[in-house]
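Student: Here you go, one structure.
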Amino acid sequence: MVIEQSLSAWALTPGSAGHEVQCVGVVEALGLAPTIKRVSPGAPFSWMAPWGPAAPDPAIAQPWPDLVVASGRQAIPYARSIRRASCGRTFVVALQHPAVPARSFDLVWVNEHDGLAGSNVLRTLTSPHPLTAAKLAAGAAALEARLGPLPRPWIGAVLGGTSGAYRFEAADGAALGRALAALAGAVGGSVVVTPSRRTGADARAALAAELAAVPSWTWDGESGENPYFGILGAADLFVVTCDSVNMLGEAAFTGRPVFAWPLEGGTQKFRDFHAGLAAAGVMRFLDAAAVAAQVATRSLAKWDYRPLNATAVIAERIRAELARRGRPIGGGGAPA
C-alpha cells in the first residue's frame with residue numbers, strides 16, 4: 001500500500017479494539033498513515049459523553065489534522081470539539097451512530113439497519129474493517145504453514161458468544177460442532193476454528209468434543225498470532241455465528257460462501273442485517289436441511305456474490321469530499 005504523506009489523519013477512539021480497527025481501516029484505505037489517539041476521560045466528562053464537552057487532554061491539541069475519523073461514545077465530544085476549534089478546516093468523520101445530531105460532523109457512517117438518514121450520512125450494509133486482499137493472502141500463507149497437511153477443503157468456523165442479544169452456551173457449541181463435523185466428514189475436509197473473547201469455555205469444550213472425530217484445529221486464544229486473517233484468507237467456506245455484524249460482514253469481504261449459525265435471541269436490527277446479507281446473495285443460514293443437502297451430495301455448498309467492502313465505499317466518499325474542498329488525496333482508490 002502506498003502511504004500518502006500530504007494530509008494528516010487521526011484515528012480517534014476510546015481505545016477499544018472494535019472502534020480502533022474500523023477507524024484505522026478507513027484511514028489506511030485512503031492511503032494515509034493514521035496517528036492513533038486514544039481518549040479516556042474521567043468523571044464527570046465520561047458520564048456526559050457523547051452529549052457533553054470534551055475533557056482536557058494534552059494529547060488532543062493543535063496542530064489539528066486534516067482528517068479525524070472517530071468512533072466510540074467517549075471519543076465523540078473530542079471529535080465535535082476539534083471540528084469547532086479548527087473552524088471547520090479538519091474534516092471530521094464519525095463511524096457508527098454518534099447519538100448526537102449528524103450535523104455535528106462532516107460525515108457520519110452507519111449500518112443500513114441503524115436507520116439514520118441525512119445529507120451527510122452514509123449507510124452501508126456491512127461495517128468498515130482493516131481487511132485487504134494482501135493481508136488475507138499473507139494470513140493464509142502463515143496459517144497454511146502453521147497447520148501443515150490438514151486436509152482440504154477447509155471449513156472456517158468463526159465464533160462469537162453470549163451478548164445482550166444472543167445466547168451461546170454449551171448446547172449451542174455441541175450442536176454447531178455436530179454440524180461442522182458432518183460437513184467435514186462428507187467432503188473429507190477439515191474444520192478450522194477461531195473463537196472470540198465472548199466465546200465461553202463450556203461452549204468451546206462442547207464444540208471441541210464433537211469435532212474430535214474429524215480433522216480440526218481450534219486456536220486456543222493464546223498460542224501464536226490470532227489466525228483470524230488466515231482463516232478468512234484460506235477457508236473455502238465460512239460458518240459464522242449470527243451474533244456478530246462485524247464477523248459476518250468481514251466474511252462477506254472474501255466473496256466465498258458464508259453460512260450463519262443461528263442462535264437463540266436476536267433483535268429487529270439483527271434480523272434486518274441478516275435479511276440484507278441474504279438479499280445480497282452473501283449469507284444463508286446453516287439449518288438441518290442445508291447440512292443434510294451437503295452431506296447427501298458429499299460436497300460443500302458453493303455460490304457467488306459480489307464481495308462487500310464498506311471500507312472502500314467510506315474512503316471514496318471522504319476522498320471526494322476532501323477533493324471538493326480543495327484538499328485532494330493523491331493516489332486514488334482504496335487498497336484491494
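Simple scheme: letters A, B, ... for chains in C-alpha cells order, numbers from 1 for residues in each chain, numbers from 1 for ligands in the order shown.
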Residues near Arg284 (chain A), anyone? I mean within 7 Å using only C-alpha atoms, not counting same-chain ones fewer than 4 positions away, as an MDAnalysis selection string.
Tutor: chainID A and resid 258:260 278
Student: I'd like the neighbourhood of Gly230 (chain A) as a PyMOL selection string, where a residue qualifies if any of its atoms comes within 10 Å (using only C-alpha atoms), though same-chain residues fewer than 3 positions away should be ignored.
Tutor: chain A and resi 135-144+156+225-227+233-235
Student: Give me the residues within 12 Å of Pro151 (chain A) as a PyMOL selection string, counting only C-alpha atoms and dropping any in the same chain fewer than 2 places off.
Tutor: chain A and resi 144+147-149+153-155+184-185+187-192+214-217+235-236
Student: Excluding Phe253 (chain A) and residues on its chain fewer than 5 positions from it, collect all residues at most 8 Å away from it, counting only C-alpha atoms, and give them as number ranges by chain.
Tutor: A: 307-309
Student: Give me the residues near Ile36 (chain A) as a ChimeraX atom specification, where near means some atom within 7 Å (using only C-alpha atoms) and where sequence neighbours in that chain fewer than 5 positions away do not count.
Tutor: /A:10-12
Student: Taking 3 positions as the minimum chain separation for residues in the same chain, which residues sit within 7 Å of region 120-124 of chain A when counting only C-alpha atoms? Answer as a PyMOL selection string.
Tutor: chain A and resi 106-112+117+310
Student: What parts of region 149-300 of chain A does DSSP call alpha helix (DSSP H)? I'd like the answer as a ChimeraX atom specification.
Tutor: /A:170-187,201-211,228-234,245-251,268-279,288-297
Student: So how far away is CA of Leu32 (chain A) from CA of Leu125 (chain A), in Å?
Tutor: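 Atom-to-atom, CA of Leu125 (chain A) and CA of Leu32 (chain A) are spaced 24.5 Å apart.
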Student: To test your reading of the structure, identify every residue in region 134-312 of chain A that backbone DSSP assigns to strand (DSSP E), and report it as a compact mmCIF listing (two decimals) with N, CA and C atoms, in the first residue's frame.
Tutor:
# COMPACT_ATOMS: atom_id res chain seq x y z
N TRP A 154 -11.15 -26.62 3.59
CA TRP A 154 -11.23 -26.10 4.95
C TRP A 154 -12.56 -25.39 5.16
N ILE A 155 -13.18 -25.72 6.28
CA ILE A 155 -14.38 -25.01 6.71
C ILE A 155 -13.95 -24.08 7.84
N GLY A 156 -14.05 -22.79 7.63
CA GLY A 156 -13.65 -21.81 8.63
C GLY A 156 -14.82 -21.50 9.55
N ALA A 157 -14.66 -21.80 10.84
CA ALA A 157 -15.71 -21.53 11.83
C ALA A 157 -15.28 -20.33 12.67
N VAL A 158 -16.08 -19.29 12.65
CA VAL A 158 -15.78 -18.04 13.36
C VAL A 158 -16.84 -17.87 14.44
N TYR A 166 -27.97 -12.29 22.18
CA TYR A 166 -27.95 -13.72 21.88
C TYR A 166 -27.34 -14.52 23.03
N ARG A 167 -27.65 -15.83 23.02
CA ARG A 167 -27.03 -16.78 23.94
C ARG A 167 -26.23 -17.79 23.13
N SER A 190 -11.52 -30.42 6.62
CA SER A 190 -11.16 -30.07 8.00
C SER A 190 -11.94 -28.85 8.45
N VAL A 191 -11.99 -28.70 9.75
CA VAL A 191 -12.63 -27.53 10.36
C VAL A 191 -11.54 -26.73 11.08
N VAL A 192 -11.48 -25.45 10.78
CA VAL A 192 -10.50 -24.55 11.40
C VAL A 192 -11.29 -23.49 12.15
N VAL A 193 -11.06 -23.39 13.46
CA VAL A 193 -11.94 -22.60 14.32
C VAL A 193 -11.16 -21.47 14.99
N THR A 194 -11.77 -20.29 15.00
CA THR A 194 -11.25 -19.21 15.83
C THR A 194 -12.37 -18.69 16.72
N SER A 216 -9.39 -31.29 12.61
CA SER A 216 -9.79 -29.94 13.01
C SER A 216 -8.67 -29.28 13.79
N TRP A 217 -8.76 -27.97 13.88
CA TRP A 217 -7.81 -27.19 14.68
C TRP A 217 -8.55 -25.99 15.22
N THR A 218 -8.38 -25.74 16.51
CA THR A 218 -9.01 -24.59 17.16
C THR A 218 -7.94 -23.77 17.84
N LEU A 237 -15.11 -22.16 2.82
CA LEU A 237 -16.49 -21.84 3.20
C LEU A 237 -16.45 -21.41 4.65
N PHE A 238 -17.34 -20.51 5.03
CA PHE A 238 -17.36 -19.99 6.39
C PHE A 238 -18.68 -20.32 7.08
N VAL A 239 -18.55 -20.65 8.36
CA VAL A 239 -19.71 -20.76 9.24
C VAL A 239 -19.46 -19.79 10.38
N VAL A 240 -20.30 -18.77 10.47
CA VAL A 240 -20.12 -17.68 11.42
C VAL A 240 -21.34 -17.61 12.32
N THR A 241 -21.15 -17.57 13.63
CA THR A 241 -22.31 -17.41 14.49
C THR A 241 -22.99 -16.08 14.18
N VAL A 258 -20.87 -17.92 2.80
CA VAL A 258 -20.98 -17.63 4.23
C VAL A 258 -22.28 -18.21 4.76
N PHE A 259 -22.16 -19.17 5.67
CA PHE A 259 -23.31 -19.66 6.41
C PHE A 259 -23.34 -18.99 7.78
N ALA A 260 -24.51 -18.57 8.20
CA ALA A 260 -24.68 -18.06 9.57
C ALA A 260 -25.26 -19.18 10.42
N TRP A 261 -24.68 -19.36 11.61
CA TRP A 261 -25.19 -20.36 12.54
C TRP A 261 -26.20 -19.67 13.46
N GLU A 264 -30.11 -18.59 19.77
CA GLU A 264 -31.32 -18.13 20.42
C GLU A 264 -31.21 -16.65 20.76
N GLY A 265 -32.25 -15.90 20.42
CA GLY A 265 -32.27 -14.47 20.73
C GLY A 265 -32.37 -13.65 19.46
N MET A 283 -25.18 -14.56 2.33
CA MET A 283 -25.35 -15.41 3.51
C MET A 283 -26.58 -16.30 3.40
N ARG A 284 -26.42 -17.50 3.94
CA ARG A 284 -27.55 -18.40 4.15
C ARG A 284 -27.42 -18.93 5.57
N PHE A 285 -28.54 -19.32 6.16
CA PHE A 285 -28.47 -19.94 7.49
C PHE A 285 -28.14 -21.42 7.35
Student: Within 12 Å of region 128-131 of chain A, which residues of region 64-108 of chain A show up? Give each one with its shortest atom-to-atom distance in Å (one decimal) and the two atoms involved, counting only C-alpha atoms, rows by chain then rising residue number, as a Markdown table.
Tutor:
| residue | atom | partner | partner_atom | distance |
| --- | --- | --- | --- | --- |
| A:Val69 | CA | A:Pro128 | CA | 11.7 |
| A:Ser71 | CA | A:Pro128 | CA | 11.4 |
| A:Ala94 | CA | A:Pro128 | CA | 12.0 |
| A:Leu95 | CA | A:Pro128 | CA | 8.6 |
| A:Gln96 | CA | A:Pro128 | CA | 9.8 |
Student: To one decimal in Å, tell me the separation between CA of Arg197 (chain A) and CA of Leu159 (chain A).
Tutor: 9.2 Å
Student: If I take CA of Glu210 (chain A) and CA of Ala174 (chain A), how far is one from the other in Å, to one decimal?
Tutor: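 We find that CA of Glu210 (chain A) and CA of Ala174 (chain A) lie 6.2 Å from each other.
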Student: Taking 3 positions as the minimum chain separation for residues in the same chain, which residues sit within 10 Å of region 202-206 of chain A when counting only C-alpha atoms? Answer as a PDB file with C-alpha atoms, in the first residue's frame.
Tutor:
ATOM      1  CA  LEU A 159     -17.336 -17.952  16.814  1.00  0.00           C
ATOM      2  CA  GLY A 161     -20.620 -15.683  22.060  1.00  0.00           C
ATOM      3  CA  THR A 162     -23.244 -14.657  24.541  1.00  0.00           C
ATOM      4  CA  PHE A 168     -24.212 -19.158  23.001  1.00  0.00           C
ATOM      5  CA  GLU A 169     -23.988 -21.930  25.569  1.00  0.00           C
ATOM      6  CA  ALA A 170     -22.639 -25.481  25.760  1.00  0.00           C
ATOM      7  CA  ALA A 171     -25.638 -26.982  23.965  1.00  0.00           C
ATOM      8  CA  ASP A 172     -25.184 -24.486  21.131  1.00  0.00           C
ATOM      9  CA  GLY A 173     -21.482 -25.329  20.872  1.00  0.00           C
ATOM     10  CA  ALA A 174     -22.288 -29.027  20.708  1.00  0.00           C
ATOM     11  CA  ALA A 175     -24.927 -28.558  18.009  1.00  0.00           C
ATOM     12  CA  LEU A 176     -22.597 -26.413  15.935  1.00  0.00           C
ATOM     13  CA  GLY A 177     -19.800 -28.966  16.380  1.00  0.00           C
ATOM     14  CA  ARG A 178     -22.027 -31.771  15.119  1.00  0.00           C
ATOM     15  CA  VAL A 193     -11.936 -22.602  14.324  1.00  0.00           C
ATOM     16  CA  PRO A 195     -13.194 -18.193  18.952  1.00  0.00           C
ATOM     17  CA  THR A 199     -16.921 -17.465  23.416  1.00  0.00           C
ATOM     18  CA  ALA A 209     -15.762 -32.754  21.741  1.00  0.00           C
ATOM     19  CA  GLU A 210     -17.981 -33.002  18.656  1.00  0.00           C
ATOM     20  CA  LEU A 211     -15.063 -32.193  16.328  1.00  0.00           C
ATOM     21  CA  THR A 218      -9.009 -24.592  17.164  1.00  0.00           C
ATOM     22  CA  ASP A 220      -6.633 -21.582  21.994  1.00  0.00           C
TER      23      ASP A 220
END
Student: Quick one: of A:Ala17, A:Ala292, A:Ala59, A:Val68, who's nearest to Phe91 (chain A), counting only C-alpha atoms?
Tutor: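 So, comparing all the options, the nearest one is A:Val68.
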